[in-house]
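Here's the structure we're looking at; comments come further down.
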Amino acid sequence: MAVESLINYLDQSPTAFHAVEEAVKSLAAAGFKALDETLKWSLEADTGYYVIRNGSSLIAFRTGSELKGETAFRIVTAHTDSPSFRLKEGVIVKKNGMLTVGVEVLGGPIFSTWLDRDLGIAGRVLVKDGQGGTETLLYHNDKRKVLIPNPPIHLNRSVNKGFEYNPQTHLSCILQSGSPEEDGTAGNPEEPESLYELIAADLNIDAQRIVDADLILYDTQKAALSGWKGEFLCSGRIDNLAMCHASLEAITDVKGQSAVTVAALFDNEETGSLTPHGADSSFLELVLERIVLAAGGNRESFMQSCASSFIVSADAAHAIHPNFADLYDEGFTPLMNRGPAVKKNAGWNYASTGDTAARYRLLCEKAGVPSQTYINRSDRPTGKTLGPLAAARLGIPAVDVGNPLWSMHSIRETVSLEDHDSMIKSFMAHYKEF
Ligand code: CO
């Protein structure tokens with residue numbers, strides 16, 4: 001059942017590293033095999049493979065029923081990262097008797113939604129492997145809660161008129177109480193000096209082994225059904241783990257196609273995609289070319305293959321919010337439970353053209369699901385997605401689509417279960433298109 005596996009995917013993926021690790025579990029269960037970019041690839045027909053960069057981006061693909069140099073790629077793209085706060089190393093700063101860790105803003109979170117929540121710390125830890133190198137351990141412990149409390153309204157009377165939180169001074173997270181430094185007494189010898197000490201204890205390793213880490217805050221509250229009839233799903237990171245999940249569901253289900261099916265899940269979308277493993281990198285292009293080369297093709301057949309391909313760039317879309325309807329162009333904003341939306345923008349922040357939108361709408365028709373449209377108010381700038389980046393780099397036509405979502409970039413977002421099911425069906429139709 002897609003709902004349970006979606007809930008599990010969201011709960012088990014507090015960071016992009018975990019999102020990739022969870023993706024590997026479902027790919028491996030479906031018989032997909034790992035490929036290493038440093039080795040020569042030899043591929044078999046109608047077989048699933050996946051490639052990982054940085055532990056946080058993953059491209060999964062299934063070769064066509066016949067291995068051919070001239071092929072076509074049916075691609076879905078999504079992103080593994082979500083807005084959050086990145087911890088400033090493991091350094092513990094003592095403030096007013098509290099042990100705190102400073103944060104940097106990661107992407108564009110709605111700051112206020114992160115205060116007074118049961119936050120956790122998660123990410124990857126690089127530890128000495130005893131042979132001069134490092135190994136990666138993932139860290140995620142829902143039981144170790146940290147917090148960013150609000151000041152009382154009595155001392156911040158205008159908070160309900162809008163308050164500007166300063167991430168440097170207002171948003172350090174509190175780990176635990178410590179000895180007050182002001183009174184000159186020595187600290188408790190049991191008191192940790194570094195967050196790495198606490199994490200090392202949880203991981204059951206010597207703290208001295210930790211060389212570095214990539215750690216962020218996340219919401220420990222689990223995904224849950226909402227609405228009187230339970231038709232909505234509320235969770236952190238729905239943008240864009242829901243689309244990662246939908247693409248994984250589809251690619252592990254579709255077999256025996258003549259085209260190569262691809263699910264490309266990129267990290268760093270929230271911060272511009274310009275990293276060696278982001279959508280604005282060589283990652284997808286090199287993987288696609290190597291699929292062609294391993295099938296006996298050459299650069300010419302790779303270009304031919306790209307020209308016969310299609311990208312569905314899937315990322316959350318804004319659902320109209322009945323209390324804030326004036327923020328949207330009501331005629332062009334999707335409703336919850338009415339199916340995937342095609343996103344369009346005159347400035348090409350979305351990749352959809354009339355041609356690619358028509359192609360996707362026909363796929364939806366074939367899949368028996370409705371489609372909607374999202375166009376921003378003409379007097380406001382729109383968001384950006386992976387679509388134009390991947391499409392422009394490869395010259396592959398693309399459509400930007402997404403499911404209607406409330407509270408984009410809040411610590412807790414809301415989406416419709418029915419739309420999730422419809423999106424999976426539209427991906428299946430895309431993967432099965434001739
Ligand atoms: Co997104």
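Going by the structure tokens order, chains are called A, B, ..., each with residues numbered from 1, while ligands are numbered from 1 in the order shown.
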
Within 8 Å of ligand 1, which residues of chain A come that close, and what is the closest atom pair and distance in Å for each? Count only C-alpha atoms and all ligand atoms and give it as CSV.
```
residue,atom,partner,partner_atom_place_in_ligand_line,distance
A:Ala78,CA,ligand 1,1 (Co),7.9
A:His79,CA,ligand 1,1 (Co),6.7
A:Ser82,CA,ligand 1,1 (Co),7.2
A:Asp239,CA,ligand 1,1 (Co),4.7
A:Asn240,CA,ligand 1,1 (Co),4.9
A:Glu269,CA,ligand 1,1 (Co),7.2
A:Glu270,CA,ligand 1,1 (Co),6.9
A:Asp315,CA,ligand 1,1 (Co),4.9
A:Ala316,CA,ligand 1,1 (Co),5.5
A:Thr385,CA,ligand 1,1 (Co),6.7
```

Can you spit out the residues from that selection as an mmCIF file, in the first residue's frame, using C-alpha atoms?
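Listing of part.cif after writing:
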```
data_model
loop_
_atom_site.group_PDB
_atom_site.id
_atom_site.type_symbol
_atom_site.label_atom_id
_atom_site.label_comp_id
_atom_site.auth_asym_id
_atom_site.auth_seq_id
_atom_site.Cartn_x
_atom_site.Cartn_y
_atom_site.Cartn_z
ATOM 1 C CA ALA A 78 12.818 14.966 -7.860
ATOM 2 C CA HIS A 79 14.926 16.308 -4.986
ATOM 3 C CA SER A 82 14.312 19.958 2.243
ATOM 4 C CA ASP A 239 8.482 18.725 -0.565
ATOM 5 C CA ASN A 240 10.041 16.786 -2.098
ATOM 6 C CA GLU A 269 17.742 21.737 -4.994
ATOM 7 C CA GLU A 270 16.846 24.018 -2.093
ATOM 8 C CA ASP A 315 8.177 18.866 -7.266
ATOM 9 C CA ALA A 316 5.482 20.113 -4.920
ATOM 10 C CA THR A 385 12.502 23.660 -9.904
#
```

Name the residues in contact with region 209-223 of chain A at a cut-off of 7 Å, using only C-alpha atoms, excluding same-chain residues fewer than 5 positions from it; report them as a short mmCIF file (atom, residue, chain, number, x, y, z; two decimals) with N, CA and C atoms, in the first residue's frame.
```
data_model
loop_
_atom_site.label_atom_id
_atom_site.label_comp_id
_atom_site.auth_asym_id
_atom_site.auth_seq_id
_atom_site.Cartn_x
_atom_site.Cartn_y
_atom_site.Cartn_z
N ILE A 7 4.51 7.02 4.25
CA ILE A 7 4.68 7.46 5.64
C ILE A 7 6.03 6.95 6.18
N LEU A 10 8.92 8.97 4.62
CA LEU A 10 9.05 10.31 5.22
C LEU A 10 9.66 10.23 6.62
N ASP A 11 9.16 9.30 7.42
CA ASP A 11 9.64 9.19 8.81
C ASP A 11 11.10 8.74 8.89
N PRO A 14 15.05 11.77 7.58
CA PRO A 14 15.18 13.14 8.10
C PRO A 14 16.16 13.99 7.29
N SER A 84 15.89 23.44 6.06
CA SER A 84 16.15 23.08 7.46
C SER A 84 17.15 24.08 8.03
N PHE A 85 17.80 23.69 9.12
CA PHE A 85 18.89 24.46 9.71
C PHE A 85 20.08 23.53 9.85
N ARG A 86 21.22 24.00 9.37
CA ARG A 86 22.43 23.19 9.41
C ARG A 86 23.23 23.56 10.66
N LEU A 87 23.66 22.56 11.40
CA LEU A 87 24.38 22.82 12.65
C LEU A 87 25.80 23.27 12.35
N ASP A 118 9.44 19.56 18.74
CA ASP A 118 10.32 18.47 19.18
C ASP A 118 11.31 18.19 18.06
N LEU A 119 12.41 18.96 18.06
CA LEU A 119 13.40 18.82 16.99
C LEU A 119 14.37 17.68 17.28
N GLY A 120 14.93 17.12 16.22
CA GLY A 120 15.99 16.13 16.36
C GLY A 120 17.19 16.57 15.53
N ILE A 121 18.30 15.86 15.70
CA ILE A 121 19.52 16.11 14.93
C ILE A 121 19.80 14.87 14.10
N ALA A 122 20.09 15.07 12.81
CA ALA A 122 20.36 13.92 11.95
C ALA A 122 21.34 14.31 10.86
N GLY A 123 21.99 13.31 10.29
CA GLY A 123 22.91 13.56 9.18
C GLY A 123 23.92 12.46 9.05
N ARG A 124 25.08 12.81 8.49
CA ARG A 124 26.13 11.80 8.35
C ARG A 124 27.36 12.23 9.13
N VAL A 125 28.04 11.24 9.66
CA VAL A 125 29.23 11.46 10.46
C VAL A 125 30.38 10.73 9.78
N LEU A 126 31.50 11.45 9.57
CA LEU A 126 32.67 10.83 8.95
C LEU A 126 33.62 10.40 10.06
N VAL A 127 33.86 9.10 10.17
CA VAL A 127 34.69 8.58 11.27
C VAL A 127 35.92 7.88 10.71
N LYS A 128 37.00 7.98 11.48
CA LYS A 128 38.25 7.33 11.08
C LYS A 128 38.03 5.84 10.94
N ASP A 142 15.38 9.73 17.10
CA ASP A 142 14.16 10.48 17.45
C ASP A 142 14.04 10.74 18.96
N TYR A 196 29.68 16.21 19.05
CA TYR A 196 30.21 14.94 18.52
C TYR A 196 30.35 13.89 19.64
N LEU A 233 -2.29 14.10 4.29
CA LEU A 233 -1.13 13.60 5.01
C LEU A 233 -0.30 14.81 5.43
N CYS A 234 0.00 14.91 6.74
CA CYS A 234 0.84 15.99 7.26
C CYS A 234 2.18 15.41 7.67
N SER A 235 3.26 16.08 7.29
CA SER A 235 4.59 15.59 7.62
C SER A 235 5.61 16.67 7.29
N GLY A 236 6.81 16.53 7.84
CA GLY A 236 7.93 17.32 7.35
C GLY A 236 8.39 16.74 6.02
N ILE A 411 7.75 23.45 8.64
CA ILE A 411 8.30 22.22 9.21
C ILE A 411 7.32 21.07 9.02
#
```

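Proximity of A:Gly339, A:Gly48, A:Gly90, A:Gly331 to Ala200 (chain A), computed with only C-alpha atoms, is greatest for A:Gly90.
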
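Near Ala246 (chain A), within a cut-off of 10 Å and counting only C-alpha atoms, sit the residues Ala2, Leu6, Val76, Ala78, Leu241, Ile251, Ala263, Ala314, His420, Asp421, Ser422, Met423, Ile424, Lys425, Ser426, Phe427 and Met428 of chain A, with same-chain residues fewer than 5 positions away left out.
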
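Reported to one decimal place, the separation of CA of Phe266 (chain A) from CA of Thr47 (chain A) is 21.9 Å.
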
Can I get the residues of region 234-324 of chain A within 6 Å of region 54-62 of chain A, each with the closest pair of atoms and their distance in Å to one decimal, using only C-alpha atoms, sorted chain first then ascending number, as a tab-separated table?
```
residue	atom	partner	partner_atom	distance
A:Val260	CA	A:Arg62	CA	5.6
A:Thr261	CA	A:Arg62	CA	5.3
A:Val262	CA	A:Phe61	CA	4.2
A:Ala263	CA	A:Ala60	CA	5.2
A:Ala264	CA	A:Ile59	CA	4.3
A:Leu265	CA	A:Leu58	CA	5.2
A:Phe266	CA	A:Ser57	CA	4.6
A:Asp267	CA	A:Ser57	CA	5.2
```

So which residues of region 202-412 of chain A fall under strand (DSSP E) by DSSP, listed as a compact mmCIF listing (two decimals) with N, CA and C atoms, in the first residue's frame?
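Okay, result_24.txt is ready:
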```
# COMPACT_ATOMS: atom_id res chain seq x y z
N ILE A 210 35.50 10.72 15.32
CA ILE A 210 34.72 11.60 14.43
C ILE A 210 35.62 12.71 13.88
N VAL A 211 35.74 12.75 12.56
CA VAL A 211 36.59 13.75 11.91
C VAL A 211 35.76 14.96 11.48
N ASP A 212 34.57 14.70 10.96
CA ASP A 212 33.71 15.79 10.50
C ASP A 212 32.29 15.24 10.37
N ALA A 213 31.34 16.12 10.04
CA ALA A 213 29.95 15.67 9.96
C ALA A 213 29.12 16.67 9.15
N ASP A 214 28.01 16.21 8.59
CA ASP A 214 26.99 17.08 7.98
C ASP A 214 25.71 16.83 8.77
N LEU A 215 25.34 17.76 9.64
CA LEU A 215 24.20 17.54 10.53
C LEU A 215 23.18 18.67 10.39
N ILE A 216 21.91 18.31 10.39
CA ILE A 216 20.85 19.31 10.32
C ILE A 216 19.79 19.01 11.38
N LEU A 217 18.89 19.98 11.58
CA LEU A 217 17.75 19.77 12.47
C LEU A 217 16.60 19.17 11.66
N TYR A 218 15.75 18.42 12.31
CA TYR A 218 14.54 17.90 11.66
C TYR A 218 13.44 17.78 12.71
N ASP A 219 12.21 17.59 12.22
CA ASP A 219 11.06 17.45 13.12
C ASP A 219 10.89 15.98 13.47
N ALA A 224 1.39 11.90 9.71
CA ALA A 224 0.08 11.44 10.19
C ALA A 224 -1.02 11.89 9.25
N LEU A 225 -2.08 11.10 9.20
CA LEU A 225 -3.24 11.47 8.40
C LEU A 225 -3.98 12.60 9.10
N SER A 226 -4.60 13.48 8.31
CA SER A 226 -5.32 14.62 8.88
C SER A 226 -6.59 14.88 8.08
N PHE A 232 -5.89 13.80 4.15
CA PHE A 232 -4.63 14.53 3.99
C PHE A 232 -3.51 13.83 4.74
N LEU A 233 -2.29 14.10 4.29
CA LEU A 233 -1.13 13.60 5.01
C LEU A 233 -0.30 14.81 5.43
N CYS A 234 0.00 14.91 6.74
CA CYS A 234 0.84 15.99 7.26
C CYS A 234 2.18 15.41 7.67
N SER A 235 3.26 16.08 7.29
CA SER A 235 4.59 15.59 7.62
C SER A 235 5.61 16.67 7.29
N VAL A 260 14.53 3.24 -21.72
CA VAL A 260 15.21 3.15 -20.42
C VAL A 260 14.45 4.05 -19.45
N THR A 261 13.97 3.50 -18.36
CA THR A 261 13.26 4.31 -17.37
C THR A 261 14.25 4.81 -16.33
N VAL A 262 14.08 6.07 -15.91
CA VAL A 262 15.07 6.71 -15.02
C VAL A 262 14.36 7.48 -13.91
N ALA A 263 14.82 7.32 -12.68
CA ALA A 263 14.38 8.18 -11.56
C ALA A 263 15.63 8.87 -11.03
N ALA A 264 15.72 10.20 -11.21
CA ALA A 264 16.91 10.96 -10.80
C ALA A 264 16.56 11.80 -9.58
N LEU A 265 17.15 11.47 -8.45
CA LEU A 265 16.83 12.14 -7.19
C LEU A 265 18.04 12.95 -6.75
N PHE A 266 17.91 14.27 -6.80
CA PHE A 266 19.06 15.16 -6.57
C PHE A 266 19.00 15.85 -5.22
N PHE A 310 12.17 12.16 -22.74
CA PHE A 310 11.21 13.08 -22.09
C PHE A 310 11.45 13.08 -20.58
N ILE A 311 11.44 14.29 -20.00
CA ILE A 311 11.64 14.44 -18.55
C ILE A 311 10.35 14.92 -17.90
N VAL A 312 9.93 14.23 -16.86
CA VAL A 312 8.87 14.74 -15.99
C VAL A 312 9.56 15.21 -14.71
N SER A 313 9.64 16.53 -14.53
CA SER A 313 10.28 17.11 -13.35
C SER A 313 9.21 17.30 -12.28
N ALA A 314 9.32 16.53 -11.20
CA ALA A 314 8.22 16.48 -10.22
C ALA A 314 8.64 17.14 -8.91
N ALA A 317 3.63 21.49 -5.69
CA ALA A 317 2.97 22.69 -6.24
C ALA A 317 2.12 23.31 -5.12
N HIS A 318 1.85 24.62 -5.22
CA HIS A 318 1.02 25.25 -4.20
C HIS A 318 -0.46 24.93 -4.42
N ALA A 341 -0.66 18.83 -10.86
CA ALA A 341 -0.73 20.10 -11.57
C ALA A 341 0.47 20.24 -12.50
N VAL A 342 0.22 20.74 -13.72
CA VAL A 342 1.29 21.13 -14.62
C VAL A 342 1.66 22.56 -14.27
N LYS A 343 2.96 22.82 -14.04
CA LYS A 343 3.40 24.16 -13.64
C LYS A 343 3.93 24.91 -14.84
N LYS A 344 3.44 26.13 -15.01
CA LYS A 344 3.85 26.93 -16.16
C LYS A 344 4.31 28.31 -15.70
N GLN A 372 -4.27 19.23 -13.39
CA GLN A 372 -4.62 20.63 -13.15
C GLN A 372 -3.49 21.51 -13.65
N THR A 373 -3.58 22.81 -13.33
CA THR A 373 -2.56 23.76 -13.80
C THR A 373 -2.16 24.67 -12.65
N TYR A 374 -0.88 24.98 -12.57
CA TYR A 374 -0.44 26.04 -11.64
C TYR A 374 0.26 27.14 -12.43
N ILE A 375 -0.26 28.35 -12.32
CA ILE A 375 0.43 29.53 -12.83
C ILE A 375 0.37 30.57 -11.71
N ALA A 398 10.99 18.81 -21.36
CA ALA A 398 10.58 18.50 -19.98
C ALA A 398 9.27 19.20 -19.63
N VAL A 399 8.56 18.59 -18.70
CA VAL A 399 7.38 19.22 -18.14
C VAL A 399 7.58 19.31 -16.63
N ASP A 400 7.18 20.43 -16.04
CA ASP A 400 7.23 20.55 -14.58
C ASP A 400 5.84 20.25 -14.02
N VAL A 401 5.80 19.32 -13.09
CA VAL A 401 4.52 18.94 -12.49
C VAL A 401 4.69 18.85 -10.97
N GLY A 402 3.58 18.85 -10.26
CA GLY A 402 3.67 18.68 -8.82
C GLY A 402 2.30 18.48 -8.22
N PRO A 404 -0.59 19.27 -5.43
CA PRO A 404 -1.00 20.40 -4.59
C PRO A 404 -0.61 20.18 -3.13
N LEU A 405 0.01 21.20 -2.54
CA LEU A 405 0.56 21.07 -1.18
C LEU A 405 0.29 22.36 -0.42
N TRP A 406 -0.09 22.24 0.84
CA TRP A 406 -0.21 23.42 1.71
C TRP A 406 1.07 23.58 2.53
```

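For the pair CA of Ser273 (chain A) and CA of Glu285 (chain A), the separation is 14.5 Å.
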
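Proximity ranking of A:Gly368, A:Ser194, A:Gly69, A:Gly102 relative to Gln208 (chain A) places A:Ser194 first, based on only C-alpha atoms.
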
### Query
For Lys95 (chain A), which residue among A:Phe32, A:Ser172, A:Ser158, A:Ile291 is the nearest when counting only C-alpha atoms?
A:Ser172

For Asp46 (chain A), work out the shell of residues within 6 Å, counting only C-alpha atoms and skipping chain neighbours fewer than 2 positions away, then give it as a short mmCIF file (atom, residue, chain, number, x, y, z; two decimals) with all heavy atoms, in the first residue's frame.
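Final output, saved to part-v5.cif:
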```cif
data_model
loop_
_atom_site.label_atom_id
_atom_site.label_comp_id
_atom_site.auth_asym_id
_atom_site.auth_seq_id
_atom_site.Cartn_x
_atom_site.Cartn_y
_atom_site.Cartn_z
N THR A 63 17.21 -0.72 -17.67
CA THR A 63 17.54 -0.79 -19.09
C THR A 63 16.33 -1.32 -19.87
O THR A 63 15.46 -2.00 -19.31
CB THR A 63 18.75 -1.73 -19.32
OG1 THR A 63 18.50 -2.95 -18.63
CG2 THR A 63 20.04 -1.12 -18.80
N GLY A 64 16.32 -1.04 -21.17
CA GLY A 64 15.21 -1.47 -22.01
C GLY A 64 15.21 -2.98 -22.21
O GLY A 64 16.18 -3.67 -21.89
N SER A 65 14.10 -3.47 -22.74
CA SER A 65 13.95 -4.93 -22.93
C SER A 65 15.01 -5.48 -23.88
O SER A 65 15.28 -6.68 -23.88
CB SER A 65 12.54 -5.23 -23.46
OG SER A 65 12.26 -4.39 -24.54
N GLY A 256 10.12 -4.49 -18.60
CA GLY A 256 9.93 -4.94 -19.98
C GLY A 256 9.59 -3.85 -20.98
O GLY A 256 8.98 -4.11 -22.01
#
```

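Residue-level DSSP output for region 316-388 of chain A, from the backbone, shows helix (DSSP H, G or I) at Pro322, Asn323, Phe324, Ala325, Asp326, Leu327, Glu330, Gly331, Phe332, Gly354, Asp355, Thr356, Ala357, Ala358, Arg359, Tyr360, Arg361, Leu362, Leu363, Cys364, Glu365, Lys366, Ala367, Gly387 and Pro388 of chain A.
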
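For Glu433 (chain A), the list of residues within 12 Å, based on only C-alpha atoms and with local chain neighbours fewer than 4 positions off taken out, reads Ala72, Phe73, Arg74, Ile75, Val254, Gly256, Gln257, Ser258, Ala259, Val260, Thr261, Ser308, Ser309, Phe310, Arg359, Tyr360, Leu362, Leu363, Cys364, Lys366, Ala367, Ser426, Phe427, Met428 and Ala429 of chain A.
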